[in-house]
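Please read the structure below before turning to the comments.
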Amino acid sequence: MPDGTGTGSLTSVPLAALEHVAYCRRQAAMIHVEATWSDSVDTVRGDLVHKAVDLPGTRRRRGLTSVRALPVRSMRFGLHGICDLVEIEAGQATPVEYKVGPYRAGPADLQVAGQAVCLTEAGYQVPIGYVYSATDRRRHEVQVTEALIAAMSAAADDIRILLGEDRLPAARNDRRCRRCSLRDDCMPELTNARTSRGPDLFTPRSLGNWCE
């Protein structure tokens, strides 16, 4: 997609958007198109976990260089963002993405792949990356394969599609909505894509169960 500058290059999208769009297209559009954000217990915990790597810095020990909060970009794939931690040794770079919840293969892997292609364009070999889970208290290895890079590229293209649309995608109203910090802004019960009729905005709804 042209970026509007006349160069024909891809519109650059944030690395964080890769995980968002893979998890929920409506959430991704609310964050990256409408700039909507609300904190929850999970997002606050995530901020606390990232404090250890959000402050830029470099440490060298025994041939291994560890760089925190490293800005990166890819012209080829149209990506930009910041790597939580990159470990560099003998021409090989290993990105480490920090997450607060338990690791599940999927959206977070796409973010690692996005960081990997950025580091590859910077001249490094990046065969693997890691997702560090604060819940699991360990790193989970992510193999940077051609299939993963292709899935990452498709997610980046999907974000560009969302940026060009004039309305938000419909909500799915499934288990992903239960702990979403944007639930009150999204109103998935009213914007449910699986509802055959439009939302009834005029019938009073229950206020819920209240303690006496």
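Simple scheme: letters A, B, ... for chains in structure tokens order, numbers from 1 for residues in each chain, numbers from 1 for ligands in the order shown.
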Please run DSSP on the backbone and report, as a ChimeraX atom specification, all residues within region 49-133 of chain A that come out as strand (DSSP E). /A:57-61,64-74,79-89,92-99,128-133
What's the 9 Å shell around region 159-168 of chain A, counting only C-alpha atoms, without same-chain residues fewer than 4 positions away, as a PyMOL selection string? chain A and resi 1+10-13+17-18+21+25-26+28-30+32-34+154-155
Point out the residue among A:Ala69, A:Leu55, A:Leu64, A:Cys24 with the least atom-to-atom distance to Pro188 (chain A), counting only C-alpha atoms.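 Closest to Pro188 (chain A), using only C-alpha atoms: A:Cys24.
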Distance of CA of Pro71 (chain A) from CA of Cys83 (chain A), expressed in Å to one decimal place: 6.4 Å
Extract, using only C-alpha atoms, all DNA, RNA and protein residues at most 7 Å from Val86 (chain A), discarding same-chain residues fewer than 4 positions from it, and format them as a list of chain:residue names. A:Ser66, A:Val67, A:Arg68, A:Ala93, A:Thr94, A:Pro95, A:Val96
Report, in Å to a single decimal, how far apart CA of Gln125 (chain A) and CA of Glu87 (chain A) are.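 Rounded to one decimal, the two atoms are 11.7 Å apart.
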Distance criterion (only C-alpha atoms): nearest to Thr36 (chain A) out of A:Leu182, A:Leu85, A:Ala147, A:Arg176: A:Leu182
Contacts of Gly81 (chain A) at 6 Å or less, counting only C-alpha atoms, minus same-chain residues fewer than 2 places along, as a PyMOL selection string? chain A and resi 14-15+71-72
Okay, now the selection with all heavy atoms, as a PDB file, in the first residue's frame?
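Saved to out_34.pdb:
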ATOM      1  N   PRO A  14       3.246  -0.253  13.584  1.00  0.00           N
ATOM      2  CA  PRO A  14       3.967  -0.615  14.810  1.00  0.00           C
ATOM      3  C   PRO A  14       4.074  -2.122  14.994  1.00  0.00           C
ATOM      4  O   PRO A  14       3.151  -2.874  14.665  1.00  0.00           O
ATOM      5  CB  PRO A  14       3.105   0.007  15.920  1.00  0.00           C
ATOM      6  CG  PRO A  14       2.217   0.989  15.243  1.00  0.00           C
ATOM      7  CD  PRO A  14       1.999   0.466  13.866  1.00  0.00           C
ATOM      8  N   LEU A  15       5.187  -2.555  15.532  1.00  0.00           N
ATOM      9  CA  LEU A  15       5.370  -3.971  15.822  1.00  0.00           C
ATOM     10  C   LEU A  15       4.285  -4.494  16.757  1.00  0.00           C
ATOM     11  O   LEU A  15       3.811  -5.627  16.600  1.00  0.00           O
ATOM     12  CB  LEU A  15       6.748  -4.201  16.443  1.00  0.00           C
ATOM     13  CG  LEU A  15       7.951  -4.077  15.502  1.00  0.00           C
ATOM     14  CD1 LEU A  15       9.246  -4.035  16.307  1.00  0.00           C
ATOM     15  CD2 LEU A  15       7.982  -5.216  14.504  1.00  0.00           C
ATOM     16  N   PRO A  71      15.337   0.648  19.400  1.00  0.00           N
ATOM     17  CA  PRO A  71      14.460   1.026  18.277  1.00  0.00           C
ATOM     18  C   PRO A  71      14.892   0.298  17.000  1.00  0.00           C
ATOM     19  O   PRO A  71      16.082   0.236  16.694  1.00  0.00           O
ATOM     20  CB  PRO A  71      14.668   2.532  18.152  1.00  0.00           C
ATOM     21  CG  PRO A  71      15.340   2.959  19.416  1.00  0.00           C
ATOM     22  CD  PRO A  71      16.142   1.785  19.872  1.00  0.00           C
ATOM     23  N   VAL A  72      13.922  -0.226  16.257  1.00  0.00           N
ATOM     24  CA  VAL A  72      14.218  -0.934  15.008  1.00  0.00           C
ATOM     25  C   VAL A  72      13.165  -0.575  13.963  1.00  0.00           C
ATOM     26  O   VAL A  72      12.095  -0.066  14.297  1.00  0.00           O
ATOM     27  CB  VAL A  72      14.234  -2.467  15.217  1.00  0.00           C
ATOM     28  CG1 VAL A  72      15.394  -2.894  16.105  1.00  0.00           C
ATOM     29  CG2 VAL A  72      12.904  -2.951  15.795  1.00  0.00           C
TER      30      VAL A  72
END
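Here CA of Thr58 (chain A) is placed at a distance of 10.6 Å from CA of Ile88 (chain A).
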